[in-house]
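Raw contents of work_10.txt, compact mmCIF, C-alpha atoms:
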# COMPACT_ATOMS: atom_id res chain seq x y z
CA MET A 1 -15.80 -9.43 -9.48
CA ASP A 2 -18.25 -8.43 -6.78
CA ILE A 3 -17.78 -5.04 -5.20
CA ASN A 4 -19.58 -3.86 -2.08
CA VAL A 5 -19.12 -0.36 -0.67
CA ARG A 6 -20.18 1.04 2.65
CA LYS A 7 -19.20 4.23 4.42
CA ARG A 8 -17.92 4.35 7.98
CA SER A 9 -16.72 7.51 9.67
CA GLN A 10 -15.95 9.32 6.41
CA VAL A 11 -14.08 6.27 5.13
CA HIS A 12 -15.29 4.16 2.22
CA VAL A 13 -14.83 0.48 2.97
CA VAL A 14 -14.73 -1.42 -0.31
CA GLN A 15 -15.14 -5.19 -0.14
CA LEU A 16 -13.87 -7.00 -3.23
CA ARG A 17 -14.53 -10.61 -4.18
CA GLY A 18 -12.85 -12.25 -7.18
CA ASN A 19 -9.80 -11.36 -9.24
CA LEU A 20 -8.72 -7.73 -9.51
CA ARG A 21 -7.63 -7.87 -13.14
CA MET A 22 -8.10 -6.10 -16.44
CA GLY A 23 -11.69 -5.86 -17.55
CA SER A 24 -14.86 -5.27 -15.60
CA ALA A 25 -13.19 -5.81 -12.23
CA VAL A 26 -10.65 -3.02 -12.58
CA ASP A 27 -13.18 -0.85 -14.41
CA GLY A 28 -15.66 -1.28 -11.59
CA LEU A 29 -13.21 -0.37 -8.87
CA ARG A 30 -11.92 2.56 -10.88
CA GLN A 31 -15.44 3.89 -11.27
CA ILE A 32 -16.07 3.69 -7.54
CA LEU A 33 -12.83 5.45 -6.69
CA GLU A 34 -13.33 8.15 -9.32
CA GLU A 35 -16.93 8.85 -8.36
CA ASN A 36 -16.19 9.18 -4.67
CA MET A 37 -13.06 11.22 -5.20
CA GLY A 38 -15.14 13.47 -7.41
CA LEU A 39 -17.34 14.07 -4.38
CA GLY A 40 -14.30 15.01 -2.35
CA ASP A 41 -13.86 11.72 -0.53
CA THR A 42 -10.25 10.55 -0.31
CA ARG A 43 -10.26 7.87 2.38
CA PHE A 44 -10.61 4.28 1.26
CA VAL A 45 -10.17 0.86 2.81
CA LEU A 46 -9.96 -2.02 0.35
CA ASN A 47 -10.75 -5.41 1.86
CA LEU A 48 -8.86 -7.92 -0.28
CA ALA A 49 -9.51 -11.04 1.81
CA GLU A 50 -11.44 -12.63 -1.06
CA VAL A 51 -9.22 -11.44 -3.89
CA SER A 52 -7.00 -14.26 -5.10
CA MET A 53 -5.17 -12.43 -7.87
CA ILE A 54 -4.20 -8.85 -8.65
CA ASP A 55 -2.73 -8.36 -12.11
CA SER A 56 -0.53 -5.48 -13.22
CA THR A 57 -3.58 -3.52 -14.39
CA GLY A 58 -5.06 -3.82 -10.91
CA ILE A 59 -1.74 -2.85 -9.34
CA GLY A 60 -1.53 0.17 -11.62
CA LEU A 61 -4.98 1.27 -10.50
CA LEU A 62 -4.12 0.85 -6.84
CA VAL A 63 -0.89 2.84 -6.96
CA ARG A 64 -2.36 5.56 -9.15
CA PHE A 65 -5.22 6.16 -6.77
CA LEU A 66 -2.93 5.79 -3.77
CA ALA A 67 -0.91 8.67 -5.13
CA SER A 68 -3.90 10.84 -5.96
CA THR A 69 -5.68 10.25 -2.62
CA LYS A 70 -2.51 10.99 -0.69
CA GLN A 71 -2.02 14.20 -2.66
CA ARG A 72 -5.42 15.29 -1.34
CA GLY A 73 -4.76 14.28 2.25
CA GLY A 74 -6.33 10.85 2.04
CA ASN A 75 -5.13 7.29 1.54
CA ILE A 76 -5.99 3.82 0.31
CA LYS A 77 -5.35 1.16 2.93
CA LEU A 78 -5.49 -2.58 2.41
CA VAL A 79 -7.10 -5.26 4.55
CA GLN A 80 -6.08 -8.92 4.51
CA PRO A 81 -4.48 -9.21 1.10
CA SER A 82 -3.95 -12.88 0.25
CA LYS A 83 -0.52 -14.44 0.46
CA PHE A 84 -0.27 -14.42 -3.33
CA ALA A 85 -1.44 -10.82 -3.59
CA VAL A 86 1.24 -9.83 -1.08
CA GLN A 87 3.81 -11.79 -3.08
CA THR A 88 2.76 -10.01 -6.26
CA LEU A 89 2.84 -6.54 -4.72
CA ARG A 90 6.24 -7.28 -3.24
CA LEU A 91 7.58 -8.60 -6.54
CA VAL A 92 6.92 -5.29 -8.28
CA GLY A 93 8.19 -3.24 -5.38
CA VAL A 94 4.96 -1.56 -4.27
CA LEU A 95 4.01 -3.54 -1.17
CA ASN A 96 5.66 -1.05 1.18
CA LEU A 97 3.73 1.85 -0.34
CA PHE A 98 0.58 0.58 1.35
CA GLU A 99 -0.55 0.33 4.96
CA ILE A 100 -1.96 -3.14 5.56
CA PHE A 101 -4.35 -4.21 8.30
CA ASP A 102 -5.88 -7.41 9.62
CA ASN A 103 -9.43 -6.11 9.65
CA ASP A 104 -11.67 -3.27 8.48
CA ASP A 105 -12.06 -1.75 11.95
CA ALA A 106 -8.35 -1.26 12.43
CA ALA A 107 -7.97 0.21 8.96
CA VAL A 108 -10.85 2.66 9.46
CA GLU A 109 -9.61 3.71 12.90
CA SER A 110 -6.16 4.41 11.50
CA PHE A 111 -7.59 7.37 9.61
CA ALA A 112 -8.52 9.09 12.87
CA MET B 1 9.73 -26.75 -38.56
CA PRO B 2 11.54 -23.69 -37.14
CA PRO B 3 14.55 -24.46 -34.98
CA ASP B 4 13.80 -24.92 -31.32
CA THR B 5 15.71 -22.19 -29.53
CA THR B 6 14.84 -23.18 -25.99
CA GLY B 7 16.17 -26.75 -25.83
CA HIS B 8 12.65 -28.15 -25.60
CA PRO B 9 11.80 -30.47 -28.49
CA GLU B 10 8.46 -29.42 -29.94
CA ASP B 11 7.39 -32.98 -30.79
CA GLU B 12 7.57 -34.05 -27.13
CA LEU B 13 4.91 -31.58 -26.06
CA SER B 14 1.32 -32.63 -25.39
CA GLU B 15 -1.42 -30.20 -26.39
CA LEU B 16 -3.78 -29.38 -23.54
CA LEU B 17 -5.53 -26.24 -24.77
CA ASN B 18 -5.37 -24.20 -27.92
CA ILE B 19 -7.63 -21.17 -27.84
CA GLY B 20 -8.02 -18.35 -30.35
CA PHE B 21 -10.08 -15.39 -29.24
CA PRO B 22 -10.86 -11.84 -30.42
CA ALA B 23 -8.60 -9.15 -28.97
CA ASP B 24 -11.19 -7.90 -26.48
CA PRO B 25 -10.14 -7.04 -22.91
CA ASP B 26 -13.34 -8.63 -21.60
CA ALA B 27 -12.39 -11.95 -23.19
CA ILE B 28 -9.08 -12.23 -21.36
CA GLY B 29 -10.54 -13.39 -18.06
CA LYS B 30 -12.43 -16.27 -19.66
CA VAL B 31 -9.29 -17.57 -21.35
CA ALA B 32 -7.28 -17.18 -18.16
CA ASP B 33 -10.00 -19.06 -16.27
CA ALA B 34 -9.93 -21.90 -18.83
CA ILE B 35 -6.18 -22.19 -18.30
CA ALA B 36 -6.70 -22.21 -14.54
CA GLU B 37 -9.33 -24.94 -14.74
CA THR B 38 -7.05 -27.11 -16.83
CA LEU B 39 -4.22 -26.67 -14.35
CA ILE B 40 -6.58 -27.73 -11.56
CA GLU B 41 -7.50 -30.85 -13.53
CA LEU B 42 -3.80 -31.57 -13.91
CA GLN B 43 -3.49 -31.26 -10.13
CA VAL B 44 -0.85 -28.58 -10.41
CA PRO B 45 -0.14 -27.32 -6.85
CA GLU B 46 -1.92 -24.12 -5.89
CA GLN B 47 1.08 -21.83 -5.60
CA LYS B 48 2.38 -22.90 -9.00
CA ARG B 49 -1.11 -22.58 -10.44
CA LEU B 50 -1.43 -19.01 -9.18
CA GLU B 51 1.96 -18.06 -10.58
CA ILE B 52 1.19 -19.54 -13.98
CA GLY B 53 -2.26 -17.98 -13.93
CA LEU B 54 -0.94 -14.50 -13.31
CA ALA B 55 1.80 -14.85 -15.92
CA VAL B 56 -0.77 -15.99 -18.48
CA GLN B 57 -3.04 -13.08 -17.54
CA GLU B 58 -0.19 -10.63 -18.11
CA ALA B 59 0.76 -12.19 -21.45
CA LEU B 60 -2.83 -12.09 -22.65
CA VAL B 61 -3.24 -8.46 -21.62
CA ASN B 62 -0.07 -7.51 -23.50
CA ALA B 63 -1.22 -9.36 -26.59
CA VAL B 64 -4.68 -7.76 -26.59
CA VAL B 65 -3.72 -4.24 -25.56
CA HIS B 66 -0.29 -3.76 -27.12
CA GLY B 67 -0.27 -6.39 -29.81
CA CYS B 68 -3.78 -5.78 -31.10
CA ASN B 69 -4.75 -2.32 -29.73
CA ASN B 70 -7.96 -3.88 -28.38
CA ASP B 71 -9.08 -4.52 -31.97
CA ARG B 72 -11.68 -7.24 -31.76
CA SER B 73 -11.20 -8.05 -35.44
CA LYS B 74 -7.76 -9.40 -34.56
CA GLU B 75 -7.13 -12.75 -32.94
CA VAL B 76 -4.91 -13.70 -30.05
CA ARG B 77 -3.93 -17.32 -29.63
CA CYS B 78 -3.11 -19.02 -26.35
CA ARG B 79 -1.68 -22.51 -26.24
CA LEU B 80 -1.14 -24.67 -23.16
CA GLN B 81 1.14 -27.68 -23.45
CA SER B 82 3.07 -30.01 -21.20
CA ASP B 83 6.17 -32.12 -21.67
CA PRO B 84 6.84 -35.71 -20.53
CA LEU B 85 8.31 -34.40 -17.29
CA GLY B 86 5.10 -32.54 -16.45
CA ARG B 87 6.54 -29.14 -17.15
CA ILE B 88 4.04 -26.60 -18.40
CA VAL B 89 4.56 -24.35 -21.39
CA ILE B 90 2.23 -21.57 -22.46
CA THR B 91 2.53 -19.72 -25.73
CA VAL B 92 0.67 -16.49 -26.49
CA THR B 93 0.75 -15.08 -30.01
CA ASP B 94 -0.72 -11.93 -31.50
CA PRO B 95 -0.62 -10.52 -35.05
CA GLY B 96 0.90 -7.22 -33.97
CA PRO B 97 4.21 -5.64 -34.95
CA GLY B 98 5.99 -7.07 -31.91
CA PHE B 99 8.39 -5.29 -29.62
CA SER B 100 11.80 -5.61 -28.03
CA PRO B 101 11.55 -6.64 -24.39
CA ASP B 102 14.99 -5.16 -23.79
CA THR B 103 13.56 -1.67 -24.21
CA LEU B 104 11.23 -1.93 -21.21
CA SER B 105 11.89 0.23 -18.20
CA ASP B 106 12.41 -1.17 -14.71
CA PRO B 107 9.10 -1.04 -12.83
CA LYS B 108 10.92 -1.19 -9.51
CA HIS B 109 12.86 1.96 -10.22
CA ARG B 110 11.79 4.69 -7.81
CA ALA B 111 10.57 6.88 -10.66
CA ASN B 112 8.23 4.15 -11.87
CA LEU B 113 6.68 2.87 -8.64
CA TYR B 114 3.52 4.94 -9.06
CA ALA B 115 3.20 4.26 -12.79
CA ASP B 116 -0.11 2.77 -13.80
CA HIS B 117 1.47 0.39 -16.32
CA GLY B 118 4.76 -1.26 -17.26
CA ARG B 119 4.85 -4.25 -14.89
CA GLY B 120 3.52 -7.07 -17.05
CA VAL B 121 6.66 -8.48 -18.65
CA TYR B 122 8.59 -8.02 -15.42
CA LEU B 123 6.00 -10.08 -13.56
CA ILE B 124 6.07 -12.81 -16.19
CA ARG B 125 9.84 -13.10 -15.87
CA GLN B 126 9.60 -13.28 -12.09
CA LEU B 127 6.81 -15.85 -12.01
CA MET B 128 7.90 -18.25 -14.75
CA ASP B 129 11.08 -20.33 -14.91
CA GLU B 130 11.89 -19.64 -18.54
CA VAL B 131 10.58 -16.94 -20.86
CA SER B 132 11.40 -16.36 -24.49
CA PHE B 133 10.14 -13.87 -27.05
CA GLU B 134 10.03 -15.31 -30.52
CA SER B 135 9.30 -14.22 -34.05
CA ARG B 136 9.36 -10.39 -34.02
CA GLY B 137 8.43 -10.23 -30.36
CA ASN B 138 4.75 -10.95 -30.91
CA LYS B 139 5.03 -14.48 -29.55
CA ILE B 140 5.90 -15.24 -25.96
CA ARG B 141 6.67 -18.70 -24.65
CA MET B 142 6.69 -19.28 -20.92
CA TRP B 143 7.82 -22.40 -19.06
CA LYS B 144 7.05 -23.48 -15.52
CA TYR B 145 9.00 -26.45 -14.15
Let me see the file written as structure tokens.
Amino acid sequence: MDINVRKRSQVHVVQLRGNLRMGSAVDGLRQILEENMGLGDTRFVLNLAEVSMIDSTGIGLLVRFLASTKQRGGNIKLVQPSKFAVQTLRLVGVLNLFEIFDNDDAAVESFA
Amino acid sequence: MPPDTTGHPEDELSELLNIGFPADPDAIGKVADAIAETLIELQVPEQKRLEIGLAVQEALVNAVVHGCNNDRSKEVRCRLQSDPLGRIVITVTDPGPGFSPDTLSDPKHRANLYADHGRGVYLIRQLMDEVSFESRGNKIRMWKY
């Protein structure tokens, strides 16, 4: 999985490309979230437009960091999850835990 | 030959893939991708392909992590077959002690929504049309019609 991170207005916008599944993909995203949270950053936008599959390991990562960022006044917001990713998140009952946006701009602005 | 408990005669199944791999989390994706490529070659529709792909991913993760404790000296086996009606069956086997799927907690329970694990078997059951655990629970067979 390819991961690209840029910072906009105190929000980390993380662009993912590939499958968010056990292995280097989840490990890579975890590292990014941990490192930035260690620096005190708690606002993240995950652009999932090019993520075709999220497995349960990926879901576990997302909800765990959603909880920890929210505890510190932040959040993880999702942009353009695929139809199948939405189906998967809904199947396990976590879709409604997340705020979902059509584009990065809207997601970043929602933190204001 | 052990009795067929699912109503699907074993001798009517065509072998499409039979892969053994070391129980390494980094090997899972490659096996899942090989399954996906075969399903594309079979012209399985995309939605069905995605559902099978995710179920296989979950079964492989369970086998490697829980069945083998990520021990690369152990082998996980993944088998892809089809029947004369074009139905797909995937079997994942590990050498571990097995488990009872009836003991798993409900991932959709409010107390478990933020858990970082515990969704794999639930997803498999939602995505596939028929799921059975065989042997001592270290062999899962999943059907997609």
At what distance in Å, to one decimal, does atom CA of Trp143 of chain B lie from atom CA of Gln47 of chain B?
->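 Separation between atom CA of Gln47 of chain B and atom CA of Trp143 of chain B: 15.1 Å.
Atom CA of Ser73 of chain B to atom CA of Gln31 of chain A spans 27.3 Å [interatomic distance, one decimal].
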Best match for closeness to Asp55 of chain A among A:Val26, A:Ala107, A:Leu97, A:Ala112, counting only C-alpha atoms =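 Distance minimum relative to Asp55 of chain A lands on A:Val26.
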Residues of chain A near chain B: apply a cut-off of 9 Å, count only C-alpha atoms, and supply the list as a PDB file with C-alpha atoms, in the coordinates of the input.
ATOM      1  CA  ARG A  21      -7.630  -7.870 -13.140  1.00  0.00           C
ATOM      2  CA  MET A  22      -8.100  -6.100 -16.440  1.00  0.00           C
ATOM      3  CA  GLY A  23     -11.690  -5.860 -17.550  1.00  0.00           C
ATOM      4  CA  SER A  24     -14.860  -5.270 -15.600  1.00  0.00           C
ATOM      5  CA  SER A  52      -7.000 -14.260  -5.100  1.00  0.00           C
ATOM      6  CA  MET A  53      -5.170 -12.430  -7.870  1.00  0.00           C
ATOM      7  CA  ILE A  54      -4.200  -8.850  -8.650  1.00  0.00           C
ATOM      8  CA  ASP A  55      -2.730  -8.360 -12.110  1.00  0.00           C
ATOM      9  CA  SER A  56      -0.530  -5.480 -13.220  1.00  0.00           C
ATOM     10  CA  THR A  57      -3.580  -3.520 -14.390  1.00  0.00           C
ATOM     11  CA  GLY A  58      -5.060  -3.820 -10.910  1.00  0.00           C
ATOM     12  CA  ILE A  59      -1.740  -2.850  -9.340  1.00  0.00           C
ATOM     13  CA  GLY A  60      -1.530   0.170 -11.620  1.00  0.00           C
ATOM     14  CA  LEU A  61      -4.980   1.270 -10.500  1.00  0.00           C
ATOM     15  CA  LEU A  62      -4.120   0.850  -6.840  1.00  0.00           C
ATOM     16  CA  VAL A  63      -0.890   2.840  -6.960  1.00  0.00           C
ATOM     17  CA  ARG A  64      -2.360   5.560  -9.150  1.00  0.00           C
ATOM     18  CA  LEU A  66      -2.930   5.790  -3.770  1.00  0.00           C
ATOM     19  CA  ALA A  67      -0.910   8.670  -5.130  1.00  0.00           C
ATOM     20  CA  PHE A  84      -0.270 -14.420  -3.330  1.00  0.00           C
ATOM     21  CA  THR A  88       2.760 -10.010  -6.260  1.00  0.00           C
ATOM     22  CA  LEU A  91       7.580  -8.600  -6.540  1.00  0.00           C
ATOM     23  CA  VAL A  92       6.920  -5.290  -8.280  1.00  0.00           C
ATOM     24  CA  GLY A  93       8.190  -3.240  -5.380  1.00  0.00           C
ATOM     25  CA  VAL A  94       4.960  -1.560  -4.270  1.00  0.00           C
ATOM     26  CA  LEU A  97       3.730   1.850  -0.340  1.00  0.00           C
TER      27      LEU A  97
END
Atomic distance atom CA of Arg77 of chain B - atom CA of Phe99 of chain B, expressed in Å with one decimal = 17.2 Å
Could you give me, as a list in words, the residues within 10 Å of segment 8-11 of chain A, counting only C-alpha atoms and dropping anything in the same chain fewer than 6 positions from it?
->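 The neighbour list is Asp41, Thr42, Arg43, Phe44, Val45, Gly74, Asn75, Ile76, Asp104, Asp105, Ala107, Val108, Glu109, Phe111 and Ala112 of chain A.
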